[in-house]
Every structure is written in C-alpha cells, then in structure tokens.
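**Q** Below is one structure. I have some questions about it.
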Amino acid sequence: MNGKHITKLGFQKKAVGLALAAAQIRGQAGLGQAEILGELRGVLAAPSEYGGSVYAELAAELLAQQEQERRGQSAPLRDSPLPYSVWGADLIEPGATAQMDMAMRLPVARAGALMPDAHVGYGLPIGGVLATEGAVIPYGVGVDIGCSMMLSVYPLPADLKAAEARQLLLKHTRFGAGVSFEKRERQDHEVLHDPAWQDQALLKYLHAKAAEQIGTSGSGNHFAEFGSFRLAQPDLGLEAGEYLALLTHSGSRGFGAQVAGHFTRVAEQRHKRLDPAAKKLAWLDLDTEEGQAYWQAMTLAGRYALANHEQIHGRLARALGVTPLLNVSNSHNLAWKQQVGDRELVVHRKGATPAEAGRLGLIPGSMADPGYLVRGRGHAAALASASHGAGRQLGRKAAERSLVKGDVQRYLEQRGITLIGGGVDEAPQAYKRIEDVLARQSDLVETVGEFMPRVVRMDTGSQDI
DNA sequence: ATGTAC
C-alpha cells in the first residue's frame, strides 16, 4: 500500500496522507490490501457515515474538501460584465478589454478599471485593476508578486560619466533568471527574519532561495538605470533643477514566482467547474486557510521585492558615497484591502500604480524614454490607480520578428543611452509612447518630475540589441 | 516573471 494506490482511488492533498495513516492502522489490525482499499472506497463515497471510526479524521477532511468545491461552484459567472471605466481606450488592444470583461463577470467582482498601458496578460490583463469582495485572485496579482519601482535622487549633478555609471551597475547589480548574489557579497535584511517564513511549509522551503537572491534584479523588463531627474518647480523639499538619480524595476524573484505558481494551482483546483475562459481568474476565499496563506505569502513577497530595491539602492549609494535627498517606491503588482464606498474590498493592481490622493508613484517609459514621478489624484472610478508604465504595444515575439536592430540602436544613440544587456524584445519601439499614456490619465495623476535614463542595465535578451 | 513542482 502506498500513495499511488490512494491517489488512484481519487483522494487529494491532505486526504492522501490521512488515508495512508488509516490504511496502516487497518493493516496492523490484520486486514489485507484489497479489503482496506474497499473500505477507503466506501469512505470516499460517503464520508459522513464514518464519523466515529478509524477513518474519522479522513472523513472530516473529505467533507471539508467537498464544502470547498461547493463554495467555488456555488456562483457561476455573470451573464454580462459589471460596468467599469477605461482610460485611453484608443491605446488598448481588444484582447485586453476582453480579459477585463471576463474578470468583471466573476461572481466575486465588485468594481474595476482599465489603465491606458493595458495589454493582454494571464487572467487579468496587465494594466487591470479589479476589486473583489472576500476573495483574492493569484493571477489578479500576477506572477511577479510585488513587482515594484524605486527612485533615489542624489545630491549630485547629473553629469556622472557613462563609463563610471556602467562600472557601478556591473559591480553592484545582478541580472538574469536564477541569479543570486555570491555568498560573500550577500547582505542580510530585516524581511528575511519575518516570523511569517516559519508559518507555512512553502515559505520555509523558499526562504533559502529568497536569502540567496535578495538584492538582485532578475530578467524580463526589470532594469537598473542611472539618469537625470528634472524637477520643474520646487517640491518634496527639493529645489527645482537637475539631479543624478537611480531608477530600478525589480520584483520578488524566484520566491514570488513560486508562491504565485503554487497558489494559482490551488485556486484552479478549487474551481474546476469554472468556465474554462475564466480559468486563470480562479480565486481563493479569504475566509479559508488557503486564502489566508496566499495573503500572508503575497504580503511577504511584496515586502521582499521592496527589500531587493533597498539593497540595490543601498549598494549604489554607498559606492557613490552619498545619501539620497529623496527615495520613492511603489508596488504595481499586488492586492490591497481598500475601502470602496461603504465596503472593504480587495483591490488587485496587476501592472497598475497606486494613486491615492497625494501619494507618490513612479511610471517608467522605456529604456530610452523618460519615466515620471507622479502624485496621485485619488480618482474613485479608477479605484485610485494609474498605469504602471507605457505598456507593451508589441509582444516579445512580435518585437523580435518586426523590429530592425539598426533602428533600435539608432533610437538609443539619438538619446545618448548607454545600454548594458537588453534585448530587442525590450526595445523602446516595443512600448507605447509614454507621452500618449500619460496624456490619457491626467485625471488620475499629476506629473511631479521627469527622469531621463542615461546608463541602463537589463538582462540579456534572446536577441541582443 | 521564473530557471521547471514543498
């Protein structure tokens, strides 16, 4: 008798172990394998009849699992989507709108909005904002949980030599999938000592990876770049003018990716009868153990991602020998509990910047276009959100197919950009014009300052620029 | 996004 016999009967998750334990006891009582399997079949068919037996614990777990399934299946999709507001509809591909429509048909959906950088993603589109009640959607947060931006403005003129900036980035940042910091370079951080790591087997398991990778940047659209930050008028305690600044885009690395993967699978298991078109929008109820576990892991991944930025900025500030005048950061892949009207809802921002009234946020353009420090206006219909960047206008493969390397190189040269790494799939031409995107959301955020990249580091793409 | 499943 082993786990395979048990799972073959149809037992799942925790029930497998419980069934094995009960089978062992029955075996010791002298029953044969066939007899035990027969009894287990009986328990599976009618768990409520085995309350007082050796199978009591197993039966209770099965009943709980059945209840979970019923919950997930109790409310079907709405026939039509709840209404939601769209910013910059002329910039948004139909596929992204279709995904948002689907999200607004979920029984747990209450409100939503689509930002002008929106494009197709898994489940919820990138640039999608979705408020649910009592439930959280792993793919409503995204694969890179806590993906975020950080800006440091230094008390230095914006004339750092490109060669020096390049050396600093090469020495103090780490890019690439799977990369970690060398053992002797590794730094500790408060977040690694959070008691939450001990609360779940998954988090315990992922702690070592998190400790190895902290302070790294990863791959894809993540970057670290020196540039000039321009403040048109005095603000935030700074005089108007140009400053040297560092802008970074990073996330929760392998740790967050595995948390996302795990809980997405759990959510999909819970909603097996959900319309296949909404499969990637499977949710977890917050009043379940799993929902709470995801919330805890997601929150930890959000703080871990910001800790990555802190270490990147800490290393570079030390190397420059300066203390920043200003440090701003924001997550743009996360869910928050937020008061919406008279209810507390779960607001998912998947590639959307929190933009409550007065709150600072960072909206990057591309490796060769300006990014912006913005101040939120707290627009209610946008659930106090804005775009998280320019947004893709070409998918990665489409960019590699259609963009000409010489055109990309010329674009960088014309703007005086020094690039380390970088792939054609991340070329400026693969993104919407940041000016267009900002123009469509002037009622969501006001511009405070402009950051122009000068020396940019990214992971190497499959096709170098 | 990650480097492929506790």
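Please note that chains go A, B, ... in the order of the structure tokens, that every chain numbers its residues from 1, and that ligands are numbered from 1 in the order shown.
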Run DSSP on the backbone and give me the residues of segment 50-177 of chain A it puts in strand (DSSP E), as an MDAnalysis selection string.
**A** chainID A and resid 85:86 109:119 126:132 135:136 148:153
**Q** Find the nearest atom pair between each residue of chain A and chain B for residues within 6 Å, count only C-alpha atoms (C1' of nucleotides), give distances in Å to one decimal, sort rows by chain and ascending number, and present the table as JSON lines.
**A**
```
{"residue": "A:Val143", "atom": "CA", "partner": "B:DA1", "partner_atom": "C1'", "distance": 5.5}
{"residue": "A:Asp144", "atom": "CA", "partner": "B:DA1", "partner_atom": "C1'", "distance": 5.0}
{"residue": "A:Ala177", "atom": "CA", "partner": "B:DG3", "partner_atom": "C1'", "distance": 5.9}
{"residue": "A:Gly178", "atom": "CA", "partner": "B:DG3", "partner_atom": "C1'", "distance": 5.4}
{"residue": "A:Leu202", "atom": "CA", "partner": "B:DC6", "partner_atom": "C1'", "distance": 5.4}
{"residue": "A:Gly254", "atom": "CA", "partner": "B:DT2", "partner_atom": "C1'", "distance": 5.8}
{"residue": "A:Ala257", "atom": "CA", "partner": "B:DT2", "partner_atom": "C1'", "distance": 5.9}
```
**Q** Which residue, A:Asp342, A:Asp407, A:Asp275, A:Glu450, has the smallest gap to Pro76 of chain A when you use only C-alpha atoms?
**A**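 The shortest atom-to-atom distance to Pro76 of chain A comes from A:Asp275.
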**Q** Tell me which protein, DNA and RNA residues are within 10 Å of Gln24 of chain A, counting only C-alpha atoms (C1' of nucleotides), leaving out same-chain ones fewer than 6 positions away, and put them as a PyMOL selection string.
**A** chain A and resi 1-2+18+30-31+33+36
**Q** Let's have the selection written as a PDB file, in the first residue's frame, with N, CA and C atoms.
**A**
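Output saved as result.pdb:
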```pdb
ATOM      1  N   MET A   1       0.849  -1.208   0.000  1.00  0.00           N
ATOM      2  CA  MET A   1       0.000   0.000   0.000  1.00  0.00           C
ATOM      3  C   MET A   1       0.878   1.250   0.000  1.00  0.00           C
ATOM      4  N   ASN A   2       0.672   2.125  -0.987  1.00  0.00           N
ATOM      5  CA  ASN A   2       1.433   3.382  -0.983  1.00  0.00           C
ATOM      6  C   ASN A   2       0.550   4.515  -1.519  1.00  0.00           C
ATOM      7  N   LEU A  18      -3.824  11.224   5.215  1.00  0.00           N
ATOM      8  CA  LEU A  18      -4.759  10.710   6.225  1.00  0.00           C
ATOM      9  C   LEU A  18      -5.229   9.305   5.861  1.00  0.00           C
ATOM     10  N   GLY A  30      -4.852  -6.448  10.766  1.00  0.00           N
ATOM     11  CA  GLY A  30      -4.908  -7.735  10.091  1.00  0.00           C
ATOM     12  C   GLY A  30      -5.652  -7.756   8.765  1.00  0.00           C
ATOM     13  N   LEU A  31      -6.096  -6.594   8.286  1.00  0.00           N
ATOM     14  CA  LEU A  31      -6.816  -6.591   7.008  1.00  0.00           C
ATOM     15  C   LEU A  31      -5.847  -6.629   5.836  1.00  0.00           C
ATOM     16  N   GLN A  33      -4.762  -5.829   1.733  1.00  0.00           N
ATOM     17  CA  GLN A  33      -4.784  -4.596   0.933  1.00  0.00           C
ATOM     18  C   GLN A  33      -6.109  -4.388   0.222  1.00  0.00           C
ATOM     19  N   ILE A  36      -8.760  -3.180   2.606  1.00  0.00           N
ATOM     20  CA  ILE A  36      -8.553  -1.783   3.020  1.00  0.00           C
ATOM     21  C   ILE A  36      -8.968  -0.839   1.900  1.00  0.00           C
TER      22      ILE A  36
END
```
**Q** I need the helix (DSSP H, G or I) residues of segment 290-373 of chain A per DSSP on the backbone, written as a PDB file with N, CA, C and O atoms, in the first residue's frame.
**A**
```pdb
ATOM      1  N   GLU A 290      -6.404  28.494   2.879  1.00  0.00           N
ATOM      2  CA  GLU A 290      -5.598  28.739   1.680  1.00  0.00           C
ATOM      3  C   GLU A 290      -5.585  30.208   1.291  1.00  0.00           C
ATOM      4  O   GLU A 290      -4.558  30.743   0.879  1.00  0.00           O
ATOM      5  N   GLY A 291      -6.758  30.840   1.411  1.00  0.00           N
ATOM      6  CA  GLY A 291      -6.839  32.266   1.096  1.00  0.00           C
ATOM      7  C   GLY A 291      -5.950  33.074   2.028  1.00  0.00           C
ATOM      8  O   GLY A 291      -5.213  33.967   1.593  1.00  0.00           O
ATOM      9  N   GLN A 292      -5.989  32.724   3.302  1.00  0.00           N
ATOM     10  CA  GLN A 292      -5.149  33.408   4.289  1.00  0.00           C
ATOM     11  C   GLN A 292      -3.670  33.143   4.024  1.00  0.00           C
ATOM     12  O   GLN A 292      -2.833  34.030   4.171  1.00  0.00           O
ATOM     13  N   ALA A 293      -3.379  31.896   3.644  1.00  0.00           N
ATOM     14  CA  ALA A 293      -1.984  31.532   3.370  1.00  0.00           C
ATOM     15  C   ALA A 293      -1.456  32.334   2.183  1.00  0.00           C
ATOM     16  O   ALA A 293      -0.326  32.847   2.209  1.00  0.00           O
ATOM     17  N   TYR A 294      -2.272  32.459   1.136  1.00  0.00           N
ATOM     18  CA  TYR A 294      -1.834  33.255  -0.020  1.00  0.00           C
ATOM     19  C   TYR A 294      -1.621  34.706   0.387  1.00  0.00           C
ATOM     20  O   TYR A 294      -0.622  35.331   0.020  1.00  0.00           O
ATOM     21  N   TRP A 295      -2.566  35.228   1.166  1.00  0.00           N
ATOM     22  CA  TRP A 295      -2.470  36.636   1.557  1.00  0.00           C
ATOM     23  C   TRP A 295      -1.176  36.889   2.339  1.00  0.00           C
ATOM     24  O   TRP A 295      -0.474  37.877   2.111  1.00  0.00           O
ATOM     25  N   GLN A 296      -0.871  35.976   3.225  1.00  0.00           N
ATOM     26  CA  GLN A 296       0.360  36.108   4.015  1.00  0.00           C
ATOM     27  C   GLN A 296       1.600  36.035   3.113  1.00  0.00           C
ATOM     28  O   GLN A 296       2.515  36.851   3.233  1.00  0.00           O
ATOM     29  N   ALA A 297       1.613  35.048   2.201  1.00  0.00           N
ATOM     30  CA  ALA A 297       2.771  34.877   1.315  1.00  0.00           C
ATOM     31  C   ALA A 297       2.900  36.059   0.351  1.00  0.00           C
ATOM     32  O   ALA A 297       4.001  36.542   0.082  1.00  0.00           O
ATOM     33  N   MET A 298       1.761  36.535  -0.155  1.00  0.00           N
ATOM     34  CA  MET A 298       1.763  37.669  -1.084  1.00  0.00           C
ATOM     35  C   MET A 298       2.301  38.927  -0.403  1.00  0.00           C
ATOM     36  O   MET A 298       3.124  39.658  -0.962  1.00  0.00           O
ATOM     37  N   THR A 299       1.832  39.162   0.815  1.00  0.00           N
ATOM     38  CA  THR A 299       2.273  40.339   1.562  1.00  0.00           C
ATOM     39  C   THR A 299       3.778  40.279   1.811  1.00  0.00           C
ATOM     40  O   THR A 299       4.495  41.268   1.656  1.00  0.00           O
ATOM     41  N   LEU A 300       4.257  39.083   2.151  1.00  0.00           N
ATOM     42  CA  LEU A 300       5.685  38.891   2.390  1.00  0.00           C
ATOM     43  C   LEU A 300       6.472  39.120   1.096  1.00  0.00           C
ATOM     44  O   LEU A 300       7.523  39.780   1.102  1.00  0.00           O
ATOM     45  N   ALA A 301       5.969  38.593  -0.004  1.00  0.00           N
ATOM     46  CA  ALA A 301       6.651  38.777  -1.291  1.00  0.00           C
ATOM     47  C   ALA A 301       6.675  40.256  -1.680  1.00  0.00           C
ATOM     48  O   ALA A 301       7.653  40.733  -2.268  1.00  0.00           O
ATOM     49  N   GLY A 302       5.628  40.981  -1.345  1.00  0.00           N
ATOM     50  CA  GLY A 302       5.592  42.417  -1.627  1.00  0.00           C
ATOM     51  C   GLY A 302       6.684  43.156  -0.873  1.00  0.00           C
ATOM     52  O   GLY A 302       7.392  44.003  -1.433  1.00  0.00           O
ATOM     53  N   ARG A 303       6.867  42.790   0.389  1.00  0.00           N
ATOM     54  CA  ARG A 303       7.895  43.460   1.184  1.00  0.00           C
ATOM     55  C   ARG A 303       9.286  43.001   0.771  1.00  0.00           C
ATOM     56  O   ARG A 303      10.248  43.767   0.785  1.00  0.00           O
ATOM     57  N   TYR A 304       9.384  41.746   0.389  1.00  0.00           N
ATOM     58  CA  TYR A 304      10.668  41.211  -0.080  1.00  0.00           C
ATOM     59  C   TYR A 304      11.130  41.945  -1.354  1.00  0.00           C
ATOM     60  O   TYR A 304      12.307  42.283  -1.508  1.00  0.00           O
ATOM     61  N   ALA A 305      10.188  42.185  -2.258  1.00  0.00           N
ATOM     62  CA  ALA A 305      10.529  42.886  -3.505  1.00  0.00           C
ATOM     63  C   ALA A 305      11.064  44.284  -3.195  1.00  0.00           C
ATOM     64  O   ALA A 305      12.050  44.732  -3.795  1.00  0.00           O
ATOM     65  N   LEU A 306      10.435  44.979  -2.261  1.00  0.00           N
ATOM     66  CA  LEU A 306      10.923  46.316  -1.901  1.00  0.00           C
ATOM     67  C   LEU A 306      12.290  46.227  -1.219  1.00  0.00           C
ATOM     68  O   LEU A 306      13.139  47.105  -1.392  1.00  0.00           O
ATOM     69  N   ALA A 307      12.509  45.140  -0.463  1.00  0.00           N
ATOM     70  CA  ALA A 307      13.817  44.928   0.159  1.00  0.00           C
ATOM     71  C   ALA A 307      14.896  44.751  -0.913  1.00  0.00           C
ATOM     72  O   ALA A 307      16.031  45.219  -0.755  1.00  0.00           O
ATOM     73  N   ASN A 308      14.560  44.089  -2.022  1.00  0.00           N
ATOM     74  CA  ASN A 308      15.501  43.964  -3.143  1.00  0.00           C
ATOM     75  C   ASN A 308      15.944  45.343  -3.620  1.00  0.00           C
ATOM     76  O   ASN A 308      17.127  45.607  -3.795  1.00  0.00           O
ATOM     77  N   HIS A 309      14.955  46.212  -3.842  1.00  0.00           N
ATOM     78  CA  HIS A 309      15.281  47.586  -4.265  1.00  0.00           C
ATOM     79  C   HIS A 309      16.162  48.288  -3.231  1.00  0.00           C
ATOM     80  O   HIS A 309      17.112  48.976  -3.583  1.00  0.00           O
ATOM     81  N   GLU A 310      15.806  48.110  -1.962  1.00  0.00           N
ATOM     82  CA  GLU A 310      16.570  48.789  -0.907  1.00  0.00           C
ATOM     83  C   GLU A 310      18.038  48.392  -0.964  1.00  0.00           C
ATOM     84  O   GLU A 310      18.927  49.226  -0.793  1.00  0.00           O
ATOM     85  N   GLN A 311      18.283  47.110  -1.213  1.00  0.00           N
ATOM     86  CA  GLN A 311      19.675  46.668  -1.273  1.00  0.00           C
ATOM     87  C   GLN A 311      20.372  47.188  -2.520  1.00  0.00           C
ATOM     88  O   GLN A 311      21.542  47.578  -2.475  1.00  0.00           O
ATOM     89  N   ILE A 312      19.687  47.186  -3.640  1.00  0.00           N
ATOM     90  CA  ILE A 312      20.282  47.720  -4.875  1.00  0.00           C
ATOM     91  C   ILE A 312      20.642  49.191  -4.662  1.00  0.00           C
ATOM     92  O   ILE A 312      21.769  49.629  -4.950  1.00  0.00           O
ATOM     93  N   HIS A 313      19.688  49.942  -4.127  1.00  0.00           N
ATOM     94  CA  HIS A 313      19.925  51.378  -3.915  1.00  0.00           C
ATOM     95  C   HIS A 313      20.964  51.603  -2.823  1.00  0.00           C
ATOM     96  O   HIS A 313      21.756  52.550  -2.905  1.00  0.00           O
ATOM     97  N   GLY A 314      20.961  50.739  -1.809  1.00  0.00           N
ATOM     98  CA  GLY A 314      21.939  50.868  -0.726  1.00  0.00           C
ATOM     99  C   GLY A 314      23.363  50.668  -1.246  1.00  0.00           C
ATOM    100  O   GLY A 314      24.265  51.453  -0.948  1.00  0.00           O
ATOM    101  N   ARG A 315      23.552  49.617  -2.043  1.00  0.00           N
ATOM    102  CA  ARG A 315      24.892  49.342  -2.590  1.00  0.00           C
ATOM    103  C   ARG A 315      25.392  50.502  -3.438  1.00  0.00           C
ATOM    104  O   ARG A 315      26.541  50.918  -3.330  1.00  0.00           O
ATOM    105  N   LEU A 316      24.522  51.007  -4.305  1.00  0.00           N
ATOM    106  CA  LEU A 316      24.965  52.057  -5.231  1.00  0.00           C
ATOM    107  C   LEU A 316      25.175  53.391  -4.524  1.00  0.00           C
ATOM    108  O   LEU A 316      26.094  54.140  -4.864  1.00  0.00           O
ATOM    109  N   ALA A 317      24.338  53.687  -3.526  1.00  0.00           N
ATOM    110  CA  ALA A 317      24.535  54.944  -2.782  1.00  0.00           C
ATOM    111  C   ALA A 317      25.860  54.894  -2.022  1.00  0.00           C
ATOM    112  O   ALA A 317      26.610  55.873  -1.998  1.00  0.00           O
ATOM    113  N   ARG A 318      26.177  53.736  -1.429  1.00  0.00           N
ATOM    114  CA  ARG A 318      27.450  53.591  -0.721  1.00  0.00           C
ATOM    115  C   ARG A 318      28.622  53.743  -1.687  1.00  0.00           C
ATOM    116  O   ARG A 318      29.614  54.396  -1.391  1.00  0.00           O
ATOM    117  N   ALA A 319      28.481  53.133  -2.864  1.00  0.00           N
ATOM    118  CA  ALA A 319      29.561  53.225  -3.850  1.00  0.00           C
ATOM    119  C   ALA A 319      29.774  54.669  -4.296  1.00  0.00           C
ATOM    120  O   ALA A 319      30.904  55.090  -4.554  1.00  0.00           O
ATOM    121  N   LEU A 320      28.696  55.416  -4.381  1.00  0.00           N
ATOM    122  CA  LEU A 320      28.807  56.828  -4.775  1.00  0.00           C
ATOM    123  C   LEU A 320      29.208  57.699  -3.591  1.00  0.00           C
ATOM    124  O   LEU A 320      29.585  58.862  -3.770  1.00  0.00           O
TER     125      LEU A 320
END
```
